[in-house]
file data_8.txt (compact mmCIF, N, CA and C atoms)
# COMPACT_ATOMS: atom_id res chain seq x y z
N MET A 1 -32.27 2.43 -10.39
CA MET A 1 -31.54 1.19 -10.36
C MET A 1 -30.04 1.43 -10.62
N LEU A 2 -29.74 2.30 -11.57
CA LEU A 2 -28.34 2.61 -11.89
C LEU A 2 -27.64 3.23 -10.68
N GLY A 3 -28.35 4.12 -9.97
CA GLY A 3 -27.77 4.76 -8.79
C GLY A 3 -27.42 3.74 -7.72
N LEU A 4 -28.29 2.75 -7.52
CA LEU A 4 -28.04 1.70 -6.55
C LEU A 4 -26.82 0.87 -6.95
N LEU A 5 -26.70 0.61 -8.23
CA LEU A 5 -25.56 -0.14 -8.74
C LEU A 5 -24.26 0.64 -8.53
N LEU A 6 -24.29 1.94 -8.75
CA LEU A 6 -23.11 2.77 -8.54
C LEU A 6 -22.72 2.82 -7.07
N LEU A 7 -23.72 2.91 -6.18
CA LEU A 7 -23.44 2.91 -4.74
C LEU A 7 -22.81 1.59 -4.32
N ALA A 8 -23.34 0.48 -4.80
CA ALA A 8 -22.78 -0.83 -4.47
C ALA A 8 -21.36 -0.94 -4.99
N SER A 9 -21.11 -0.42 -6.17
CA SER A 9 -19.77 -0.45 -6.75
C SER A 9 -18.80 0.39 -5.93
N ALA A 10 -19.24 1.56 -5.50
CA ALA A 10 -18.40 2.44 -4.68
C ALA A 10 -18.10 1.80 -3.34
N ALA A 11 -19.08 1.13 -2.74
CA ALA A 11 -18.87 0.46 -1.46
C ALA A 11 -17.86 -0.67 -1.61
N ALA A 12 -17.94 -1.42 -2.69
CA ALA A 12 -16.98 -2.50 -2.92
C ALA A 12 -15.58 -1.95 -3.11
N ALA A 13 -15.47 -0.84 -3.83
CA ALA A 13 -14.16 -0.23 -4.07
C ALA A 13 -13.54 0.28 -2.78
N ALA A 14 -14.36 0.77 -1.84
CA ALA A 14 -13.86 1.30 -0.58
C ALA A 14 -13.29 0.20 0.30
N GLU A 15 -13.63 -1.06 0.00
CA GLU A 15 -13.16 -2.17 0.80
C GLU A 15 -11.79 -2.67 0.36
N GLU A 16 -11.21 -2.08 -0.65
CA GLU A 16 -9.92 -2.50 -1.14
C GLU A 16 -8.91 -1.36 -1.05
N ALA A 17 -7.65 -1.75 -1.03
CA ALA A 17 -6.59 -0.75 -1.08
C ALA A 17 -6.62 -0.06 -2.44
N VAL A 18 -6.13 1.16 -2.47
CA VAL A 18 -6.07 1.94 -3.71
C VAL A 18 -4.93 1.40 -4.57
N THR A 19 -5.21 1.12 -5.83
CA THR A 19 -4.17 0.67 -6.75
C THR A 19 -3.51 1.89 -7.37
N LEU A 20 -2.20 2.00 -7.18
CA LEU A 20 -1.46 3.14 -7.73
C LEU A 20 -0.67 2.69 -8.96
N THR A 21 -0.51 3.61 -9.88
CA THR A 21 0.26 3.38 -11.10
C THR A 21 1.29 4.49 -11.22
N GLU A 22 2.08 4.43 -12.29
CA GLU A 22 3.09 5.48 -12.49
C GLU A 22 2.45 6.85 -12.64
N THR A 23 1.21 6.90 -13.12
CA THR A 23 0.56 8.20 -13.32
C THR A 23 -0.18 8.69 -12.07
N THR A 24 -0.49 7.80 -11.13
CA THR A 24 -1.24 8.21 -9.93
C THR A 24 -0.40 8.22 -8.66
N PHE A 25 0.77 7.60 -8.70
CA PHE A 25 1.58 7.44 -7.49
C PHE A 25 1.98 8.78 -6.86
N ASP A 26 2.62 9.64 -7.63
CA ASP A 26 3.13 10.91 -7.09
C ASP A 26 2.01 11.78 -6.52
N ASP A 27 0.89 11.84 -7.21
CA ASP A 27 -0.24 12.64 -6.75
C ASP A 27 -0.80 12.10 -5.44
N SER A 28 -0.90 10.78 -5.33
CA SER A 28 -1.45 10.18 -4.12
C SER A 28 -0.58 10.46 -2.91
N VAL A 29 0.72 10.25 -3.04
CA VAL A 29 1.59 10.47 -1.88
C VAL A 29 1.78 11.95 -1.58
N ALA A 30 1.50 12.80 -2.54
CA ALA A 30 1.57 14.25 -2.30
C ALA A 30 0.36 14.73 -1.49
N ARG A 31 -0.79 14.07 -1.67
CA ARG A 31 -2.04 14.51 -1.03
C ARG A 31 -2.23 14.00 0.39
N SER A 32 -1.70 12.83 0.71
CA SER A 32 -1.93 12.28 2.06
C SER A 32 -0.82 11.31 2.43
N HIS A 33 -0.74 11.02 3.74
CA HIS A 33 0.14 9.94 4.17
C HIS A 33 -0.33 8.69 3.45
N THR A 34 0.61 7.90 2.93
CA THR A 34 0.24 6.73 2.14
C THR A 34 1.11 5.54 2.54
N PHE A 35 0.45 4.44 2.88
CA PHE A 35 1.13 3.19 3.22
C PHE A 35 0.98 2.28 2.01
N VAL A 36 2.10 1.95 1.36
CA VAL A 36 2.07 1.27 0.06
C VAL A 36 2.65 -0.13 0.16
N LYS A 37 1.93 -1.06 -0.43
CA LYS A 37 2.42 -2.44 -0.59
C LYS A 37 2.89 -2.58 -2.03
N PHE A 38 4.19 -2.80 -2.22
CA PHE A 38 4.75 -3.10 -3.54
C PHE A 38 4.75 -4.62 -3.64
N TYR A 39 4.10 -5.17 -4.67
CA TYR A 39 3.90 -6.61 -4.72
C TYR A 39 3.99 -7.15 -6.14
N ALA A 40 4.03 -8.48 -6.21
CA ALA A 40 3.93 -9.20 -7.49
C ALA A 40 2.78 -10.19 -7.33
N PRO A 41 1.88 -10.25 -8.31
CA PRO A 41 0.72 -11.13 -8.19
C PRO A 41 1.07 -12.62 -8.01
N TRP A 42 2.22 -13.04 -8.49
CA TRP A 42 2.63 -14.44 -8.39
C TRP A 42 3.25 -14.79 -7.04
N CYS A 43 3.56 -13.79 -6.24
CA CYS A 43 4.26 -13.98 -4.97
C CYS A 43 3.33 -14.57 -3.90
N GLY A 44 3.74 -15.69 -3.31
CA GLY A 44 2.94 -16.35 -2.29
C GLY A 44 2.69 -15.48 -1.06
N HIS A 45 3.73 -14.80 -0.58
CA HIS A 45 3.57 -13.93 0.58
C HIS A 45 2.62 -12.77 0.26
N CYS A 46 2.71 -12.26 -0.96
CA CYS A 46 1.82 -11.17 -1.39
C CYS A 46 0.37 -11.62 -1.42
N LYS A 47 0.15 -12.85 -1.90
CA LYS A 47 -1.21 -13.39 -1.95
C LYS A 47 -1.78 -13.53 -0.55
N LYS A 48 -0.96 -13.96 0.42
CA LYS A 48 -1.42 -14.09 1.80
C LYS A 48 -1.73 -12.72 2.40
N LEU A 49 -0.93 -11.73 2.06
CA LEU A 49 -1.11 -10.40 2.62
C LEU A 49 -2.28 -9.65 2.00
N SER A 50 -2.64 -9.98 0.77
CA SER A 50 -3.66 -9.22 0.04
C SER A 50 -4.98 -9.03 0.79
N PRO A 51 -5.62 -10.08 1.33
CA PRO A 51 -6.88 -9.84 2.04
C PRO A 51 -6.70 -9.03 3.32
N VAL A 52 -5.56 -9.20 3.97
CA VAL A 52 -5.28 -8.43 5.18
C VAL A 52 -5.09 -6.96 4.83
N TRP A 53 -4.40 -6.70 3.73
CA TRP A 53 -4.16 -5.32 3.27
C TRP A 53 -5.48 -4.64 2.94
N ASP A 54 -6.37 -5.36 2.23
CA ASP A 54 -7.69 -4.81 1.90
C ASP A 54 -8.54 -4.62 3.15
N GLN A 55 -8.41 -5.54 4.11
CA GLN A 55 -9.14 -5.41 5.37
C GLN A 55 -8.69 -4.15 6.11
N LEU A 56 -7.39 -3.90 6.11
CA LEU A 56 -6.87 -2.70 6.74
C LEU A 56 -7.44 -1.46 6.06
N ALA A 57 -7.47 -1.47 4.73
CA ALA A 57 -8.01 -0.33 3.98
C ALA A 57 -9.47 -0.08 4.32
N ALA A 58 -10.23 -1.16 4.51
CA ALA A 58 -11.67 -1.04 4.77
C ALA A 58 -11.99 -0.80 6.25
N SER A 59 -10.99 -0.95 7.12
CA SER A 59 -11.25 -0.92 8.56
C SER A 59 -11.68 0.44 9.09
N GLY A 60 -11.28 1.49 8.41
CA GLY A 60 -11.61 2.83 8.92
C GLY A 60 -10.73 3.24 10.09
N SER A 61 -9.74 2.41 10.43
CA SER A 61 -8.88 2.72 11.58
C SER A 61 -7.49 3.17 11.15
N THR A 62 -7.40 3.78 9.97
CA THR A 62 -6.09 4.18 9.46
C THR A 62 -5.76 5.64 9.73
N GLY A 63 -6.65 6.35 10.40
CA GLY A 63 -6.37 7.74 10.74
C GLY A 63 -6.14 8.63 9.54
N GLY A 64 -6.83 8.36 8.44
CA GLY A 64 -6.68 9.18 7.24
C GLY A 64 -5.51 8.79 6.36
N VAL A 65 -4.80 7.74 6.73
CA VAL A 65 -3.70 7.26 5.91
C VAL A 65 -4.27 6.44 4.76
N THR A 66 -3.83 6.74 3.53
CA THR A 66 -4.27 5.98 2.36
C THR A 66 -3.52 4.65 2.33
N ILE A 67 -4.27 3.57 2.20
CA ILE A 67 -3.68 2.24 2.07
C ILE A 67 -3.68 1.91 0.59
N ALA A 68 -2.49 1.68 0.03
CA ALA A 68 -2.38 1.53 -1.42
C ALA A 68 -1.50 0.34 -1.79
N ARG A 69 -1.51 0.01 -3.08
CA ARG A 69 -0.68 -1.08 -3.58
C ARG A 69 -0.16 -0.71 -4.97
N VAL A 70 1.02 -1.26 -5.29
CA VAL A 70 1.61 -1.07 -6.61
C VAL A 70 2.03 -2.45 -7.12
N ASP A 71 1.48 -2.84 -8.26
CA ASP A 71 1.84 -4.10 -8.92
C ASP A 71 3.17 -3.89 -9.62
N MET A 72 4.20 -4.53 -9.11
CA MET A 72 5.55 -4.32 -9.65
C MET A 72 5.81 -5.11 -10.93
N THR A 73 4.83 -5.89 -11.38
CA THR A 73 5.01 -6.63 -12.63
C THR A 73 4.51 -5.85 -13.84
N VAL A 74 3.85 -4.72 -13.59
CA VAL A 74 3.41 -3.87 -14.70
C VAL A 74 4.64 -3.23 -15.32
N LYS A 75 4.83 -3.41 -16.59
CA LYS A 75 6.08 -3.00 -17.24
C LYS A 75 6.10 -1.53 -17.63
N THR A 76 5.78 -0.70 -16.68
CA THR A 76 5.83 0.73 -16.97
C THR A 76 6.96 1.35 -16.16
N LYS A 77 6.70 1.61 -14.91
CA LYS A 77 7.70 2.29 -14.10
C LYS A 77 8.24 1.38 -12.99
N HIS A 78 7.97 0.08 -13.06
CA HIS A 78 8.35 -0.77 -11.94
C HIS A 78 9.85 -0.79 -11.68
N ARG A 79 10.67 -0.70 -12.70
CA ARG A 79 12.12 -0.67 -12.48
C ARG A 79 12.54 0.62 -11.78
N ALA A 80 11.89 1.71 -12.15
CA ALA A 80 12.20 2.99 -11.51
C ALA A 80 11.78 2.95 -10.04
N PHE A 81 10.60 2.39 -9.74
CA PHE A 81 10.15 2.26 -8.34
C PHE A 81 11.13 1.38 -7.58
N ALA A 82 11.53 0.26 -8.17
CA ALA A 82 12.43 -0.66 -7.50
C ALA A 82 13.75 0.01 -7.15
N LYS A 83 14.27 0.78 -8.08
CA LYS A 83 15.54 1.47 -7.84
C LYS A 83 15.37 2.61 -6.84
N GLU A 84 14.36 3.45 -7.05
CA GLU A 84 14.16 4.62 -6.20
C GLU A 84 13.89 4.25 -4.74
N PHE A 85 13.14 3.18 -4.51
CA PHE A 85 12.74 2.82 -3.15
C PHE A 85 13.45 1.57 -2.63
N ALA A 86 14.49 1.11 -3.32
CA ALA A 86 15.30 -0.04 -2.91
C ALA A 86 14.45 -1.26 -2.63
N ILE A 87 13.59 -1.60 -3.58
CA ILE A 87 12.72 -2.76 -3.44
C ILE A 87 13.45 -3.97 -4.01
N HIS A 88 13.76 -4.92 -3.12
CA HIS A 88 14.52 -6.11 -3.52
C HIS A 88 13.73 -7.40 -3.33
N ALA A 89 12.58 -7.31 -2.66
CA ALA A 89 11.77 -8.50 -2.38
C ALA A 89 10.31 -8.09 -2.30
N PHE A 90 9.45 -9.09 -2.41
CA PHE A 90 8.01 -8.85 -2.33
C PHE A 90 7.41 -9.63 -1.17
N PRO A 91 6.44 -9.09 -0.48
CA PRO A 91 5.99 -7.71 -0.60
C PRO A 91 6.94 -6.77 0.14
N THR A 92 7.01 -5.55 -0.31
CA THR A 92 7.73 -4.49 0.40
C THR A 92 6.68 -3.46 0.80
N LEU A 93 6.65 -3.13 2.08
CA LEU A 93 5.69 -2.15 2.60
C LEU A 93 6.45 -0.88 2.96
N LEU A 94 6.04 0.23 2.36
CA LEU A 94 6.68 1.51 2.63
C LEU A 94 5.64 2.55 3.01
N PHE A 95 6.00 3.39 3.96
CA PHE A 95 5.13 4.48 4.38
C PHE A 95 5.69 5.78 3.82
N PHE A 96 4.82 6.57 3.20
CA PHE A 96 5.22 7.85 2.63
C PHE A 96 4.48 8.96 3.36
N LYS A 97 5.24 9.87 3.94
CA LYS A 97 4.63 11.05 4.57
C LYS A 97 3.98 11.90 3.49
N LYS A 98 2.95 12.62 3.88
CA LYS A 98 2.30 13.53 2.94
C LYS A 98 3.36 14.41 2.30
N GLY A 99 3.36 14.46 1.00
CA GLY A 99 4.38 15.21 0.28
C GLY A 99 5.35 14.29 -0.45
N GLY A 100 5.34 13.00 -0.12
CA GLY A 100 6.10 12.04 -0.89
C GLY A 100 7.36 11.50 -0.30
N LYS A 101 7.74 11.91 0.91
CA LYS A 101 8.99 11.42 1.48
C LYS A 101 8.78 10.07 2.16
N LYS A 102 9.57 9.09 1.76
CA LYS A 102 9.52 7.77 2.38
C LYS A 102 10.04 7.89 3.80
N SER A 103 9.30 7.32 4.77
CA SER A 103 9.76 7.47 6.14
C SER A 103 10.08 6.16 6.84
N ALA A 104 9.53 5.04 6.40
CA ALA A 104 9.83 3.80 7.09
C ALA A 104 9.46 2.61 6.23
N ALA A 105 10.21 1.55 6.41
CA ALA A 105 9.87 0.29 5.74
C ALA A 105 9.38 -0.67 6.80
N ALA A 106 8.34 -1.40 6.48
CA ALA A 106 7.80 -2.39 7.41
C ALA A 106 8.21 -3.77 6.94
N SER A 107 8.46 -4.63 7.89
CA SER A 107 8.78 -6.01 7.52
C SER A 107 7.50 -6.72 7.10
N GLN A 108 7.66 -7.90 6.53
CA GLN A 108 6.49 -8.67 6.12
C GLN A 108 5.70 -9.03 7.37
N SER A 109 4.43 -8.74 7.35
CA SER A 109 3.55 -9.07 8.46
C SER A 109 2.17 -9.36 7.91
N HIS A 110 1.62 -10.49 8.29
CA HIS A 110 0.30 -10.86 7.80
C HIS A 110 -0.75 -10.74 8.88
N HIS A 111 -0.41 -10.11 9.97
CA HIS A 111 -1.33 -10.00 11.09
C HIS A 111 -2.03 -8.64 11.05
N PRO A 112 -3.36 -8.62 10.82
CA PRO A 112 -4.06 -7.34 10.63
C PRO A 112 -3.99 -6.44 11.85
N PHE A 113 -3.94 -7.02 13.05
CA PHE A 113 -3.90 -6.21 14.26
C PHE A 113 -2.62 -5.38 14.29
N ARG A 114 -1.50 -6.00 13.96
CA ARG A 114 -0.23 -5.28 13.95
C ARG A 114 -0.23 -4.18 12.88
N LEU A 115 -0.74 -4.49 11.70
CA LEU A 115 -0.79 -3.49 10.64
C LEU A 115 -1.65 -2.30 11.06
N ALA A 116 -2.78 -2.57 11.71
CA ALA A 116 -3.66 -1.49 12.16
C ALA A 116 -2.97 -0.62 13.20
N LEU A 117 -2.07 -1.19 13.98
CA LEU A 117 -1.33 -0.40 14.98
C LEU A 117 -0.20 0.41 14.35
N ILE A 118 0.40 -0.12 13.30
CA ILE A 118 1.53 0.54 12.66
C ILE A 118 1.13 1.85 12.00
N VAL A 119 0.00 1.86 11.31
CA VAL A 119 -0.40 3.02 10.50
C VAL A 119 -0.49 4.30 11.32
N PRO A 120 -1.22 4.34 12.46
CA PRO A 120 -1.28 5.60 13.22
C PRO A 120 0.07 6.04 13.77
N LEU A 121 0.92 5.08 14.15
CA LEU A 121 2.24 5.44 14.65
C LEU A 121 3.07 6.13 13.58
N LEU A 122 3.04 5.58 12.37
CA LEU A 122 3.80 6.18 11.28
C LEU A 122 3.23 7.55 10.90
N ALA A 123 1.91 7.68 10.91
CA ALA A 123 1.28 8.95 10.56
C ALA A 123 1.65 10.04 11.55
N ASP A 124 1.84 9.64 12.82
CA ASP A 124 2.21 10.63 13.85
C ASP A 124 3.71 10.94 13.86
N GLY A 125 4.45 10.27 13.00
CA GLY A 125 5.88 10.56 12.88
C GLY A 125 6.73 9.82 13.88
N LEU A 126 6.15 8.85 14.56
CA LEU A 126 6.93 8.07 15.50
C LEU A 126 7.82 7.09 14.75
N PRO A 127 8.97 6.78 15.28
CA PRO A 127 9.86 5.86 14.57
C PRO A 127 9.26 4.47 14.51
N PHE A 128 9.53 3.79 13.44
CA PHE A 128 9.04 2.42 13.28
C PHE A 128 9.83 1.52 14.22
N PRO A 129 9.14 0.66 15.01
CA PRO A 129 9.85 -0.20 15.97
C PRO A 129 10.81 -1.15 15.31

call {"tool": "encode", "arguments": {"input": "data_8.txt", "output": "structure tokens"}}
result
Amino acid sequence: MLGLLLLASAAAAAEEAVTLTETTFDDSVARSHTFVKFYAPWCGHCKKLSPVWDQLAASGSTGGVTIARVDMTVKTKHRAFAKEFAIHAFPTLLFFKKGGKKSAAASQSHHPFRLALIVPLLADGLPFP
């Protein structure tokens, strides 16, 4: 019974974007291409994007790109993230090439089809339209 519960829990977790923190951010972007949503829980646009972002993460069509999120209201490293990545509004979507280099910023988009198309293009190193 416990094994079944763990499998169900793992399946539910796979349906959401990975939550990154100050301690997990650098490691995550070092290991794989990572598309990150920097957000604030109170932000209306962020709330609208949240289910679409999780749907993208669960879609399996990201070509190995990690779909992640960073809550910018957590009072740990959010000011450093804001300064380092020039985050001035929420949500801010940034793509990080494997190894940690930021390569493109995406505008706000709540359309899952467009997001699913963006990820493979960025992973292949094509310029963001």

call {"tool": "atom_distance", "arguments": {"input": "data_8.txt", "atom1": "CA of Val18 (chain A)", "atom2": "CA of Ala68 (chain A)"}}
result
4.4 Å

call {"tool": "axis_aligned_box", "arguments": {"input": "data_8.txt", "around": "region 88-94 of chain A", "padding_each_side": "4 Å", "output": "lines of an AutoDock Vina configuration file"}}
result
center_x = 10.1
center_y = -3.5
center_z = -0.3
size_x = 16.9
size_y = 20.2
size_z = 14.5

call {"tool": "select_by_dssp", "arguments": {"input": "data_8.txt", "residues": "region 18-54 of chain A", "states": "helix (DSSP H, G or I)", "output": "list in words"}}
result
Phe25, Asp26, Asp27, Ser28, Val29, Ala30, Arg31, Gly44, His45, Cys46, Lys47, Lys48, Leu49, Ser50, Pro51, Val52, Trp53 and Asp54 of chain A

call {"tool": "atom_distance", "arguments": {"input": "data_8.txt", "atom1": "CA of Thr73 (chain A)", "atom2": "CA of Leu56 (chain A)"}}
result
23.1 Å

call {"tool": "atom_distance", "arguments": {"input": "data_8.txt", "atom1": "atom C of Ile87 (chain A)", "atom2": "CA of Phe38 (chain A)"}}
result
8.8 Å

call {"tool": "closest_residue", "arguments": {"input": "data_8.txt", "among": "A:Asp54, A:Met72, A:Val36, A:Ser59", "to": "Thr92 (chain A)", "atoms": "only N, CA and C atoms"}}
result
A:Val36

call {"tool": "closest_residue", "arguments": {"input": "data_8.txt", "among": "A:Ala89, A:Cys43, A:Leu20, A:Ala82", "to": "Val70 (chain A)", "atoms": "only C-alpha atoms"}}
result
A:Leu20

call {"tool": "closest_residue", "arguments": {"input": "data_8.txt", "among": "A:Asp71, A:Lys48, A:Phe90, A:Thr66", "to": "Phe35 (chain A)", "atoms": "only N, CA and C atoms"}}
result
A:Thr66

call {"tool": "select_by_dssp", "arguments": {"input": "data_8.txt", "residues": "region 39-73 of chain A", "states": "strand (DSSP E)", "output": "ChimeraX atom specification"}}
result
/A:39,66-71

call {"tool": "decode", "arguments": {"input": "data_8.txt", "residues": "region 45-63 of chain A", "atoms": "N, CA and C atoms", "output": "PDB file, in the first residue's frame"}}
result
ATOM      1  N   HIS A  45      -1.365  37.660 -13.227  1.00  0.00           N
ATOM      2  CA  HIS A  45      -0.839  37.033 -14.443  1.00  0.00           C
ATOM      3  C   HIS A  45      -0.142  35.708 -14.113  1.00  0.00           C
ATOM      4  N   CYS A  46       0.553  35.679 -12.988  1.00  0.00           N
ATOM      5  CA  CYS A  46       1.237  34.456 -12.550  1.00  0.00           C
ATOM      6  C   CYS A  46       0.233  33.355 -12.243  1.00  0.00           C
ATOM      7  N   LYS A  47      -0.873  33.726 -11.602  1.00  0.00           N
ATOM      8  CA  LYS A  47      -1.914  32.748 -11.282  1.00  0.00           C
ATOM      9  C   LYS A  47      -2.509  32.161 -12.558  1.00  0.00           C
ATOM     10  N   LYS A  48      -2.713  33.000 -13.585  1.00  0.00           N
ATOM     11  CA  LYS A  48      -3.247  32.520 -14.856  1.00  0.00           C
ATOM     12  C   LYS A  48      -2.252  31.593 -15.553  1.00  0.00           C
ATOM     13  N   LEU A  49      -0.983  31.916 -15.454  1.00  0.00           N
ATOM     14  CA  LEU A  49       0.048  31.129 -16.125  1.00  0.00           C
ATOM     15  C   LEU A  49       0.337  29.810 -15.414  1.00  0.00           C
ATOM     16  N   SER A  50       0.095  29.736 -14.118  1.00  0.00           N
ATOM     17  CA  SER A  50       0.478  28.568 -13.328  1.00  0.00           C
ATOM     18  C   SER A  50      -0.022  27.228 -13.887  1.00  0.00           C
ATOM     19  N   PRO A  51      -1.317  27.062 -14.197  1.00  0.00           N
ATOM     20  CA  PRO A  51      -1.746  25.761 -14.726  1.00  0.00           C
ATOM     21  C   PRO A  51      -1.157  25.460 -16.100  1.00  0.00           C
ATOM     22  N   VAL A  52      -0.947  26.494 -16.894  1.00  0.00           N
ATOM     23  CA  VAL A  52      -0.344  26.303 -18.216  1.00  0.00           C
ATOM     24  C   VAL A  52       1.110  25.864 -18.067  1.00  0.00           C
ATOM     25  N   TRP A  53       1.812  26.474 -17.113  1.00  0.00           N
ATOM     26  CA  TRP A  53       3.219  26.141 -16.856  1.00  0.00           C
ATOM     27  C   TRP A  53       3.343  24.685 -16.406  1.00  0.00           C
ATOM     28  N   ASP A  54       2.446  24.265 -15.495  1.00  0.00           N
ATOM     29  CA  ASP A  54       2.445  22.876 -15.023  1.00  0.00           C
ATOM     30  C   ASP A  54       2.053  21.914 -16.143  1.00  0.00           C
ATOM     31  N   GLN A  55       1.128  22.347 -17.004  1.00  0.00           N
ATOM     32  CA  GLN A  55       0.731  21.513 -18.143  1.00  0.00           C
ATOM     33  C   GLN A  55       1.922  21.314 -19.083  1.00  0.00           C
ATOM     34  N   LEU A  56       2.682  22.368 -19.308  1.00  0.00           N
ATOM     35  CA  LEU A  56       3.875  22.257 -20.137  1.00  0.00           C
ATOM     36  C   LEU A  56       4.862  21.276 -19.521  1.00  0.00           C
ATOM     37  N   ALA A  57       5.059  21.373 -18.209  1.00  0.00           N
ATOM     38  CA  ALA A  57       5.986  20.469 -17.517  1.00  0.00           C
ATOM     39  C   ALA A  57       5.539  19.016 -17.654  1.00  0.00           C
ATOM     40  N   ALA A  58       4.234  18.779 -17.604  1.00  0.00           N
ATOM     41  CA  ALA A  58       3.695  17.416 -17.657  1.00  0.00           C
ATOM     42  C   ALA A  58       3.533  16.894 -19.083  1.00  0.00           C
ATOM     43  N   SER A  59       3.667  17.775 -20.073  1.00  0.00           N
ATOM     44  CA  SER A  59       3.350  17.399 -21.450  1.00  0.00           C
ATOM     45  C   SER A  59       4.301  16.376 -22.060  1.00  0.00           C
ATOM     46  N   GLY A  60       5.523  16.338 -21.571  1.00  0.00           N
ATOM     47  CA  GLY A  60       6.499  15.425 -22.169  1.00  0.00           C
ATOM     48  C   GLY A  60       7.032  15.927 -23.503  1.00  0.00           C
ATOM     49  N   SER A  61       6.648  17.146 -23.896  1.00  0.00           N
ATOM     50  CA  SER A  61       7.091  17.675 -25.188  1.00  0.00           C
ATOM     51  C   SER A  61       8.137  18.770 -25.027  1.00  0.00           C
ATOM     52  N   THR A  62       8.916  18.688 -23.958  1.00  0.00           N
ATOM     53  CA  THR A  62       9.897  19.747 -23.698  1.00  0.00           C
ATOM     54  C   THR A  62      11.297  19.384 -24.171  1.00  0.00           C
ATOM     55  N   GLY A  63      11.459  18.218 -24.777  1.00  0.00           N
ATOM     56  CA  GLY A  63      12.762  17.837 -25.308  1.00  0.00           C
ATOM     57  C   GLY A  63      13.851  17.768 -24.260  1.00  0.00           C
TER      58      GLY A  63
END
